[in-house]
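Have a look at the structure below before the remarks.
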Number of protein chains: 2
Amino acid sequence: MTVTLHVCITCRAGQPLSEGEITPGARLHSAIFEAGVPENVHVVPVECLSACSHGCSVALSAPGRWSYVYGRLSDANAPDVIAGAAAYAAAPDGIVPWRSRPEIFRKQSLARIPPITILPEAAE
Amino acid sequence: MTVTLHVCITCRAGQPLSEGEITPGARLHSAIFEAGVPENVHVVPVECLSACSHGCSVALSAPGRWSYVYGRLSDANAPDVIAGAAAYAAAPDGIVPWRSRPEIFRKQSLARIPPITILPEAAE
């Protein structure tokens with residue numbers, strides 16, 4: 001299925017930034033496009049994934065699936081981020097076997113969130 | 001709206017665990033129920049939120065809203081976790097003003113993920 005890869009483009013990765021300097025997050029975002037994005041991965045820039053102390057970070061999500069957040073990334077990781085996103089998109093339930101995940105996804109998970117369910121409203 | 005509060009019950013919070021000892025995550029889960037859960041917060045235990053190096057952790061989510069993951073929690077934080085979850089449920093768009101968030105939510109964010117959107121499928 002088509003999945004969303006959110007990339008934090010405001011991330012400074014804990015580094016001071018000179019005026020006009022491109023953020024490490026924006027560099028990662030560009031590198032992902034340069035590396036080539038598969039059709040079933042929709043890359044969306046986002047301002048802050050609130051993982052600032054472990055940036056750069058990306059999030060993978062899709063309806064009915066677990067969401068995943070990964071951190072401590074740089075533009076050098078773009079090809080692995082794409083490989084991991086493509087595997088997530090290709091897995092029928094979004095759960096990629098552990099050994100098939102890129103190393104950065106195995107070792108640099110910040111969090112995962114179970115599928116979001118629609119709940120009946122509490123009585124008023 | 002009714003929101004989901006996932007609580008990682010397998011979390012050891014980086015501590016060694018004696019045989020039969022209740023995990024810090026399970027203690028947090030129990031403390032949340034003891035503190036009293038509002039009707040519009042649905043508490044769901046989960047085995048691992050993949051935030052093990054920053055446990056104990058919880059995740060707040062609801063359809064169409066940003067999801068949030070918080071870490072470095074203990075059972076002592078249960079009342080604040082509930083207060084924060086209730087504020088998230090009560091906010092019309094799930095975005096609670098910064099100052100209205102409990103301190104643990106302001107300072108112990110592990111990540112947030114934008115609302116999950118349904119995307120058209122890529123052409124085969």
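Chains: A, B, ... in order of the structure tokens. Residues: from 1 per chain. Ligands: from 1, in order shown.
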Mind fitting chain A to chain B by least squares on all Cα atoms in order and giving back the moved coordinates as a compact mmCIF listing (two decimals) with N, CA, C and O atoms, in the first residue's frame?
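As a result, selection.txt now contains:
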# COMPACT_ATOMS: atom_id res chain seq x y z
N MET A 1 -13.17 14.04 21.91
CA MET A 1 -13.38 12.72 21.33
C MET A 1 -12.68 11.67 22.21
O MET A 1 -11.85 12.01 23.03
N THR A 2 -13.05 10.42 22.02
CA THR A 2 -12.40 9.34 22.78
C THR A 2 -11.03 9.05 22.15
O THR A 2 -10.93 8.87 20.94
N VAL A 3 -10.01 9.06 22.98
CA VAL A 3 -8.64 8.87 22.50
C VAL A 3 -8.05 7.61 23.13
O VAL A 3 -8.58 7.09 24.11
N THR A 4 -6.98 7.14 22.53
CA THR A 4 -6.31 5.94 23.05
C THR A 4 -5.00 6.30 23.73
O THR A 4 -4.20 7.06 23.17
N LEU A 5 -4.82 5.78 24.91
CA LEU A 5 -3.55 5.91 25.63
C LEU A 5 -2.92 4.52 25.70
O LEU A 5 -3.39 3.65 26.45
N HIS A 6 -1.90 4.30 24.89
CA HIS A 6 -1.18 3.03 24.95
C HIS A 6 -0.11 3.11 26.03
O HIS A 6 0.64 4.09 26.08
N VAL A 7 -0.04 2.10 26.86
CA VAL A 7 0.97 2.06 27.92
C VAL A 7 1.82 0.81 27.71
O VAL A 7 1.29 -0.31 27.67
N CYS A 8 3.13 1.00 27.56
CA CYS A 8 4.02 -0.14 27.39
C CYS A 8 4.14 -0.87 28.72
O CYS A 8 4.63 -0.31 29.71
N ILE A 9 3.67 -2.11 28.76
CA ILE A 9 3.68 -2.85 30.04
C ILE A 9 4.88 -3.79 30.15
O ILE A 9 5.09 -4.39 31.20
N THR A 10 5.66 -3.91 29.09
CA THR A 10 6.83 -4.79 29.16
C THR A 10 8.08 -4.01 29.54
O THR A 10 9.14 -4.60 29.75
N CYS A 11 7.96 -2.68 29.65
CA CYS A 11 9.13 -1.83 29.88
C CYS A 11 9.80 -2.13 31.21
O CYS A 11 9.17 -2.15 32.26
N ARG A 12 11.12 -2.30 31.14
CA ARG A 12 11.92 -2.51 32.36
C ARG A 12 12.61 -1.22 32.77
O ARG A 12 13.37 -1.22 33.75
N ALA A 13 12.43 -0.17 31.99
CA ALA A 13 13.03 1.13 32.30
C ALA A 13 14.54 1.01 32.53
O ALA A 13 15.11 1.70 33.38
N GLY A 14 15.16 0.13 31.78
CA GLY A 14 16.61 -0.01 31.85
C GLY A 14 17.12 -0.71 33.10
O GLY A 14 18.33 -0.75 33.35
N GLN A 15 16.21 -1.26 33.91
CA GLN A 15 16.61 -1.90 35.16
C GLN A 15 16.59 -3.43 35.02
O GLN A 15 15.75 -3.95 34.31
N PRO A 16 17.51 -4.11 35.71
CA PRO A 16 17.39 -5.57 35.76
C PRO A 16 16.15 -5.94 36.57
O PRO A 16 15.76 -5.20 37.48
N LEU A 17 15.55 -7.06 36.22
CA LEU A 17 14.28 -7.43 36.85
C LEU A 17 14.44 -8.81 37.50
O LEU A 17 14.88 -9.76 36.85
N SER A 18 14.10 -8.92 38.76
CA SER A 18 14.14 -10.23 39.42
C SER A 18 13.00 -11.09 38.89
O SER A 18 12.00 -10.56 38.39
N GLU A 19 13.14 -12.41 39.02
CA GLU A 19 12.10 -13.30 38.54
C GLU A 19 10.80 -13.01 39.27
O GLU A 19 10.79 -12.86 40.51
N GLY A 20 9.74 -12.88 38.55
CA GLY A 20 8.43 -12.64 39.15
C GLY A 20 8.16 -11.19 39.50
O GLY A 20 7.03 -10.84 39.87
N GLU A 21 9.18 -10.33 39.37
CA GLU A 21 8.99 -8.92 39.70
C GLU A 21 8.13 -8.25 38.62
O GLU A 21 8.25 -8.57 37.43
N ILE A 22 7.25 -7.37 39.07
CA ILE A 22 6.39 -6.67 38.11
C ILE A 22 7.22 -5.61 37.40
O ILE A 22 8.01 -4.90 38.03
N THR A 23 7.06 -5.50 36.10
CA THR A 23 7.84 -4.52 35.34
C THR A 23 7.41 -3.11 35.72
O THR A 23 6.24 -2.87 36.06
N PRO A 24 8.33 -2.14 35.62
CA PRO A 24 7.95 -0.75 35.84
C PRO A 24 6.81 -0.32 34.90
O PRO A 24 5.94 0.47 35.30
N GLY A 25 6.79 -0.86 33.68
CA GLY A 25 5.71 -0.53 32.74
C GLY A 25 4.36 -1.00 33.25
O GLY A 25 3.36 -0.28 33.17
N ALA A 26 4.32 -2.23 33.77
CA ALA A 26 3.06 -2.76 34.31
C ALA A 26 2.64 -1.98 35.55
O ALA A 26 1.45 -1.76 35.79
N ARG A 27 3.63 -1.51 36.33
CA ARG A 27 3.30 -0.70 37.51
C ARG A 27 2.69 0.64 37.10
O ARG A 27 1.72 1.11 37.70
N LEU A 28 3.24 1.23 36.04
CA LEU A 28 2.68 2.49 35.53
C LEU A 28 1.24 2.25 35.05
O LEU A 28 0.33 3.05 35.34
N HIS A 29 1.04 1.16 34.33
CA HIS A 29 -0.29 0.81 33.83
C HIS A 29 -1.29 0.70 34.98
O HIS A 29 -2.39 1.26 34.93
N SER A 30 -0.90 -0.01 36.04
CA SER A 30 -1.78 -0.15 37.21
C SER A 30 -2.04 1.19 37.88
O SER A 30 -3.17 1.51 38.26
N ALA A 31 -0.97 1.98 38.01
CA ALA A 31 -1.11 3.28 38.69
C ALA A 31 -2.06 4.20 37.93
O ALA A 31 -2.78 5.00 38.54
N ILE A 32 -2.07 4.08 36.63
CA ILE A 32 -2.98 4.90 35.81
C ILE A 32 -4.42 4.54 36.13
O ILE A 32 -5.27 5.42 36.31
N PHE A 33 -4.70 3.26 36.26
CA PHE A 33 -6.07 2.85 36.60
C PHE A 33 -6.43 3.26 38.03
O PHE A 33 -7.55 3.70 38.30
N GLU A 34 -5.45 3.12 38.92
CA GLU A 34 -5.70 3.50 40.32
C GLU A 34 -5.98 4.99 40.44
O GLU A 34 -6.79 5.42 41.27
N ALA A 35 -5.33 5.78 39.60
CA ALA A 35 -5.50 7.24 39.68
C ALA A 35 -6.86 7.66 39.11
O ALA A 35 -7.31 8.77 39.37
N GLY A 36 -7.48 6.78 38.30
CA GLY A 36 -8.80 7.11 37.75
C GLY A 36 -8.69 7.58 36.31
O GLY A 36 -8.07 8.59 36.04
N VAL A 37 -9.33 6.83 35.42
CA VAL A 37 -9.23 7.14 33.99
C VAL A 37 -10.54 7.80 33.53
O VAL A 37 -11.62 7.23 33.76
N PRO A 38 -10.46 8.95 32.88
CA PRO A 38 -11.69 9.58 32.38
C PRO A 38 -12.35 8.71 31.31
O PRO A 38 -11.68 7.92 30.64
N GLU A 39 -13.66 8.91 31.14
CA GLU A 39 -14.43 8.08 30.19
C GLU A 39 -13.92 8.18 28.76
O GLU A 39 -14.04 7.24 27.99
N ASN A 40 -13.42 9.38 28.41
CA ASN A 40 -13.00 9.56 27.01
C ASN A 40 -11.53 9.21 26.75
O ASN A 40 -10.97 9.58 25.72
N VAL A 41 -10.93 8.50 27.69
CA VAL A 41 -9.56 8.01 27.48
C VAL A 41 -9.60 6.48 27.60
O VAL A 41 -10.02 5.93 28.61
N HIS A 42 -9.20 5.84 26.51
CA HIS A 42 -9.23 4.38 26.45
C HIS A 42 -7.79 3.89 26.66
O HIS A 42 -6.93 4.11 25.81
N VAL A 43 -7.55 3.26 27.80
CA VAL A 43 -6.19 2.81 28.13
C VAL A 43 -5.97 1.40 27.60
O VAL A 43 -6.77 0.50 27.88
N VAL A 44 -4.93 1.24 26.82
CA VAL A 44 -4.64 -0.06 26.19
C VAL A 44 -3.20 -0.46 26.49
O VAL A 44 -2.26 0.27 26.16
N PRO A 45 -3.01 -1.62 27.13
CA PRO A 45 -1.63 -2.09 27.36
C PRO A 45 -1.02 -2.56 26.05
O PRO A 45 -1.72 -3.07 25.17
N VAL A 46 0.28 -2.36 25.91
CA VAL A 46 0.94 -2.79 24.67
C VAL A 46 2.31 -3.36 25.04
O VAL A 46 2.93 -2.93 26.02
N GLU A 47 2.71 -4.37 24.29
CA GLU A 47 4.02 -4.97 24.55
C GLU A 47 5.05 -4.27 23.68
O GLU A 47 5.19 -4.57 22.51
N CYS A 48 5.73 -3.33 24.29
CA CYS A 48 6.84 -2.60 23.65
C CYS A 48 6.39 -1.51 22.69
O CYS A 48 5.71 -1.75 21.70
N LEU A 49 6.79 -0.31 23.03
CA LEU A 49 6.62 0.84 22.14
C LEU A 49 7.96 1.19 21.47
O LEU A 49 8.11 2.28 20.90
N SER A 50 8.91 0.26 21.55
CA SER A 50 10.24 0.45 20.93
C SER A 50 10.92 1.73 21.37
O SER A 50 11.61 2.38 20.59
N ALA A 51 10.69 2.08 22.62
CA ALA A 51 11.36 3.27 23.17
C ALA A 51 12.14 2.83 24.40
O ALA A 51 12.29 3.58 25.37
N CYS A 52 12.66 1.61 24.33
CA CYS A 52 13.21 0.92 25.51
C CYS A 52 14.29 1.73 26.23
O CYS A 52 14.40 1.65 27.46
N SER A 53 15.08 2.48 25.49
CA SER A 53 16.15 3.21 26.17
C SER A 53 15.63 4.48 26.86
O SER A 53 16.39 5.17 27.53
N HIS A 54 14.36 4.77 26.67
CA HIS A 54 13.75 5.94 27.34
C HIS A 54 12.44 5.57 28.01
O HIS A 54 11.49 6.37 28.03
N GLY A 55 12.36 4.31 28.51
CA GLY A 55 11.13 3.88 29.17
C GLY A 55 11.08 4.39 30.59
O GLY A 55 12.09 4.87 31.09
N CYS A 56 9.89 4.27 31.21
CA CYS A 56 8.62 3.76 30.69
C CYS A 56 8.01 4.78 29.71
O CYS A 56 8.25 5.97 29.83
N SER A 57 7.20 4.26 28.82
CA SER A 57 6.66 5.14 27.80
C SER A 57 5.17 4.90 27.56
O SER A 57 4.65 3.81 27.83
N VAL A 58 4.53 5.95 27.07
CA VAL A 58 3.11 5.89 26.71
C VAL A 58 2.94 6.59 25.37
O VAL A 58 3.77 7.41 24.98
N ALA A 59 1.85 6.27 24.67
CA ALA A 59 1.54 6.94 23.40
C ALA A 59 0.08 7.37 23.41
O ALA A 59 -0.79 6.63 23.88
N LEU A 60 -0.14 8.57 22.93
CA LEU A 60 -1.50 9.10 22.80
C LEU A 60 -1.85 9.19 21.33
O LEU A 60 -1.08 9.75 20.55
N SER A 61 -3.01 8.67 20.96
CA SER A 61 -3.40 8.76 19.54
C SER A 61 -4.91 8.77 19.40
O SER A 61 -5.64 8.36 20.31
N ALA A 62 -5.36 9.26 18.26
CA ALA A 62 -6.78 9.27 17.91
C ALA A 62 -6.87 9.54 16.42
O ALA A 62 -5.98 10.18 15.84
N PRO A 63 -7.94 9.06 15.78
CA PRO A 63 -8.06 9.25 14.33
C PRO A 63 -8.02 10.73 13.95
O PRO A 63 -8.66 11.56 14.59
N GLY A 64 -7.25 11.05 12.92
CA GLY A 64 -7.19 12.41 12.40
C GLY A 64 -6.37 13.38 13.23
O GLY A 64 -6.34 14.58 12.95
N ARG A 65 -5.69 12.87 14.26
CA ARG A 65 -4.90 13.75 15.14
C ARG A 65 -3.42 13.39 15.12
O ARG A 65 -3.06 12.27 14.77
N TRP A 66 -2.58 14.32 15.54
CA TRP A 66 -1.19 14.02 15.82
C TRP A 66 -1.15 12.95 16.93
O TRP A 66 -1.98 12.97 17.84
N SER A 67 -0.19 12.03 16.82
CA SER A 67 0.09 11.07 17.89
C SER A 67 1.32 11.56 18.65
O SER A 67 2.20 12.20 18.06
N TYR A 68 1.37 11.24 19.92
CA TYR A 68 2.49 11.68 20.77
C TYR A 68 3.03 10.50 21.57
O TYR A 68 2.25 9.69 22.06
N VAL A 69 4.34 10.44 21.71
CA VAL A 69 4.96 9.42 22.56
C VAL A 69 5.79 10.14 23.63
O VAL A 69 6.56 11.06 23.32
N TYR A 70 5.60 9.71 24.87
CA TYR A 70 6.34 10.29 25.98
C TYR A 70 7.10 9.19 26.71
O TYR A 70 6.62 8.05 26.79
N GLY A 71 8.27 9.54 27.25
CA GLY A 71 9.09 8.54 27.91
C GLY A 71 9.66 9.00 29.23
O GLY A 71 9.30 10.06 29.74
N ARG A 72 10.54 8.18 29.76
CA ARG A 72 11.19 8.42 31.06
C ARG A 72 10.15 8.62 32.16
O ARG A 72 10.28 9.50 33.01
N LEU A 73 9.10 7.79 32.11
CA LEU A 73 8.01 7.90 33.08
C LEU A 73 8.11 6.81 34.14
O LEU A 73 8.76 5.78 33.93
N SER A 74 7.46 7.04 35.26
CA SER A 74 7.32 6.00 36.29
C SER A 74 5.89 6.04 36.80
O SER A 74 5.10 6.91 36.40
N ASP A 75 5.57 5.10 37.69
CA ASP A 75 4.20 5.06 38.21
C ASP A 75 3.82 6.34 38.95
O ASP A 75 2.65 6.70 39.02
N ALA A 76 4.83 7.05 39.45
CA ALA A 76 4.56 8.32 40.14
C ALA A 76 3.96 9.36 39.18
O ALA A 76 3.33 10.33 39.61
N ASN A 77 4.16 9.17 37.88
CA ASN A 77 3.66 10.13 36.89
C ASN A 77 2.23 9.85 36.45
O ASN A 77 1.68 10.57 35.61
N ALA A 78 1.62 8.80 36.98
CA ALA A 78 0.29 8.40 36.50
C ALA A 78 -0.73 9.55 36.51
O ALA A 78 -1.42 9.77 35.50
N PRO A 79 -0.84 10.34 37.61
CA PRO A 79 -1.84 11.41 37.59
C PRO A 79 -1.58 12.44 36.47
O PRO A 79 -2.53 12.92 35.84
N ASP A 80 -0.31 12.75 36.22
CA ASP A 80 0.00 13.71 35.15
C ASP A 80 -0.26 13.11 33.77
O ASP A 80 -0.68 13.82 32.85
N VAL A 81 0.00 11.82 33.63
CA VAL A 81 -0.28 11.17 32.34
C VAL A 81 -1.79 11.26 32.06
O VAL A 81 -2.21 11.60 30.95
N ILE A 82 -2.58 11.01 33.08
CA ILE A 82 -4.04 11.07 32.91
C ILE A 82 -4.48 12.50 32.61
O ILE A 82 -5.31 12.73 31.72
N ALA A 83 -3.91 13.47 33.32
CA ALA A 83 -4.28 14.87 33.07
C ALA A 83 -3.95 15.25 31.63
O ALA A 83 -4.75 15.91 30.94
N GLY A 84 -2.79 14.82 31.15
CA GLY A 84 -2.39 15.13 29.79
C GLY A 84 -3.27 14.44 28.75
O GLY A 84 -3.61 15.02 27.72
N ALA A 85 -3.63 13.20 29.04
CA ALA A 85 -4.50 12.45 28.12
C ALA A 85 -5.89 13.08 28.07
O ALA A 85 -6.50 13.18 27.00
N ALA A 86 -6.38 13.51 29.23
CA ALA A 86 -7.70 14.14 29.28
C ALA A 86 -7.71 15.45 28.50
O ALA A 86 -8.66 15.76 27.78
N ALA A 87 -6.60 16.22 28.60
CA ALA A 87 -6.51 17.49 27.87
C ALA A 87 -6.46 17.22 26.36
O ALA A 87 -7.07 17.94 25.56
N TYR A 88 -5.76 16.17 25.97
CA TYR A 88 -5.68 15.78 24.54
C TYR A 88 -7.07 15.39 24.04
O TYR A 88 -7.48 15.78 22.94
N ALA A 89 -7.80 14.63 24.86
CA ALA A 89 -9.15 14.21 24.46
C ALA A 89 -10.09 15.42 24.34
O ALA A 89 -10.93 15.49 23.44
N ALA A 90 -9.90 16.38 25.24
CA ALA A 90 -10.81 17.53 25.29
C ALA A 90 -10.51 18.58 24.22
O ALA A 90 -11.41 19.33 23.81
N ALA A 91 -9.27 18.65 23.75
CA ALA A 91 -8.91 19.66 22.74
C ALA A 91 -9.59 19.30 21.42
O ALA A 91 -9.45 18.17 20.95
N PRO A 92 -10.32 20.24 20.82
CA PRO A 92 -11.10 19.90 19.62
C PRO A 92 -10.25 19.27 18.50
O PRO A 92 -10.71 18.40 17.79
N ASP A 93 -8.99 19.70 18.37
CA ASP A 93 -8.13 19.14 17.32
C ASP A 93 -7.00 18.28 17.90
O ASP A 93 -6.10 17.87 17.18
N GLY A 94 -7.05 18.05 19.21
CA GLY A 94 -6.01 17.22 19.83
C GLY A 94 -4.74 17.99 20.13
O GLY A 94 -3.80 17.43 20.68
N ILE A 95 -4.71 19.27 19.75
CA ILE A 95 -3.50 20.06 20.02
C ILE A 95 -3.74 20.89 21.29
O ILE A 95 -4.51 21.85 21.29
N VAL A 96 -3.08 20.46 22.33
CA VAL A 96 -3.23 21.11 23.64
C VAL A 96 -2.25 22.27 23.71
O VAL A 96 -1.06 22.08 23.39
N PRO A 97 -2.71 23.47 24.10
CA PRO A 97 -1.77 24.59 24.22
C PRO A 97 -0.59 24.21 25.11
O PRO A 97 -0.76 23.51 26.12
N TRP A 98 0.59 24.64 24.72
CA TRP A 98 1.84 24.25 25.38
C TRP A 98 1.77 24.38 26.90
O TRP A 98 2.11 23.46 27.64
N ARG A 99 1.28 25.54 27.36
CA ARG A 99 1.26 25.80 28.80
C ARG A 99 0.25 24.92 29.54
O ARG A 99 0.32 24.79 30.76
N SER A 100 -0.70 24.35 28.81
CA SER A 100 -1.71 23.51 29.46
C SER A 100 -1.27 22.05 29.53
O SER A 100 -1.97 21.21 30.09
N ARG A 101 -0.13 21.76 28.96
CA ARG A 101 0.35 20.37 29.00
C ARG A 101 1.08 20.12 30.33
O ARG A 101 1.80 20.99 30.81
N PRO A 102 0.93 18.92 30.90
CA PRO A 102 1.72 18.63 32.10
C PRO A 102 3.21 18.71 31.78
O PRO A 102 3.61 18.48 30.63
N GLU A 103 4.00 19.02 32.78
CA GLU A 103 5.44 19.21 32.56
C GLU A 103 6.09 17.98 31.91
O GLU A 103 6.94 18.12 31.04
N ILE A 104 5.65 16.79 32.32
CA ILE A 104 6.25 15.58 31.72
C ILE A 104 5.98 15.52 30.21
O ILE A 104 6.77 14.97 29.46
N PHE A 105 4.87 16.11 29.76
CA PHE A 105 4.57 16.10 28.32
C PHE A 105 5.40 17.19 27.61
O PHE A 105 5.75 17.04 26.43
N ARG A 106 5.70 18.26 28.33
CA ARG A 106 6.50 19.32 27.71
C ARG A 106 7.96 18.90 27.61
O ARG A 106 8.65 19.22 26.65
N LYS A 107 8.44 18.17 28.62
CA LYS A 107 9.88 17.91 28.70
C LYS A 107 10.29 16.49 28.32
O LYS A 107 11.47 16.22 28.15
N GLN A 108 9.34 15.56 28.24
CA GLN A 108 9.72 14.17 28.03
C GLN A 108 9.09 13.57 26.75
O GLN A 108 8.78 12.39 26.70
N SER A 109 8.93 14.46 25.75
CA SER A 109 8.44 13.97 24.46
C SER A 109 9.53 13.12 23.81
O SER A 109 10.69 13.50 23.76
N LEU A 110 9.13 11.97 23.31
CA LEU A 110 10.08 11.18 22.52
C LEU A 110 9.85 11.41 21.03
O LEU A 110 10.79 11.41 20.25
N ALA A 111 8.61 11.62 20.67
CA ALA A 111 8.30 11.86 19.25
C ALA A 111 6.82 12.22 19.10
O ALA A 111 6.01 11.95 20.00
N ARG A 112 6.51 12.83 18.00
CA ARG A 112 5.11 13.03 17.62
C ARG A 112 5.01 12.68 16.13
O ARG A 112 6.00 12.80 15.39
N ILE A 113 3.85 12.22 15.73
CA ILE A 113 3.65 11.81 14.33
C ILE A 113 2.42 12.53 13.80
O ILE A 113 1.37 12.53 14.46
N PRO A 114 2.52 13.16 12.63
CA PRO A 114 1.35 13.85 12.07
C PRO A 114 0.19 12.90 11.84
O PRO A 114 0.37 11.68 11.77
N PRO A 115 -1.02 13.46 11.71
CA PRO A 115 -2.20 12.62 11.45
C PRO A 115 -1.94 11.72 10.24
O PRO A 115 -1.30 12.12 9.27
N ILE A 116 -2.45 10.52 10.32
CA ILE A 116 -2.26 9.54 9.24
C ILE A 116 -3.30 9.79 8.16
O ILE A 116 -4.50 9.87 8.46
N THR A 117 -2.84 9.93 6.94
CA THR A 117 -3.78 10.20 5.85
C THR A 117 -3.88 9.00 4.93
O THR A 117 -2.91 8.27 4.72
N ILE A 118 -5.07 8.82 4.38
CA ILE A 118 -5.27 7.74 3.41
C ILE A 118 -4.85 8.29 2.05
O ILE A 118 -5.30 9.35 1.62
N LEU A 119 -3.95 7.58 1.39
CA LEU A 119 -3.40 8.05 0.12
C LEU A 119 -3.91 7.18 -1.02
O LEU A 119 -4.14 5.98 -0.83
N PRO A 120 -4.06 7.78 -2.20
CA PRO A 120 -4.42 6.94 -3.35
C PRO A 120 -3.29 5.97 -3.63
O PRO A 120 -2.11 6.28 -3.42
N GLU A 121 -3.64 4.78 -4.08
CA GLU A 121 -2.62 3.78 -4.37
C GLU A 121 -1.84 4.15 -5.63
O GLU A 121 -2.39 4.68 -6.58
N ALA A 122 -0.54 3.87 -5.59
CA ALA A 122 0.29 4.07 -6.78
C ALA A 122 -0.17 3.10 -7.86
O ALA A 122 -0.62 2.00 -7.56
N ALA A 123 -0.06 3.53 -9.12
CA ALA A 123 -0.44 2.65 -10.23
C ALA A 123 0.48 1.44 -10.20
O ALA A 123 1.66 1.54 -9.88
N GLU A 124 -0.10 0.29 -10.53
CA GLU A 124 0.72 -0.95 -10.52
C GLU A 124 1.63 -0.96 -11.74
O GLU A 124 1.30 -0.47 -12.79
DSSP helix (DSSP H, G or I) residues within chain B, listed as a ChimeraX atom specification: /B:24-35,52-54,75-90,98-100,103-107
DSSP strand (DSSP E) selection over chain A, as JSON, numbers by chain: {"A": [3, 4, 5, 6, 7, 8, 41, 42, 43, 44, 45, 46, 58, 59, 60, 61, 67, 68, 69, 70, 109, 110, 111, 112, 113]}
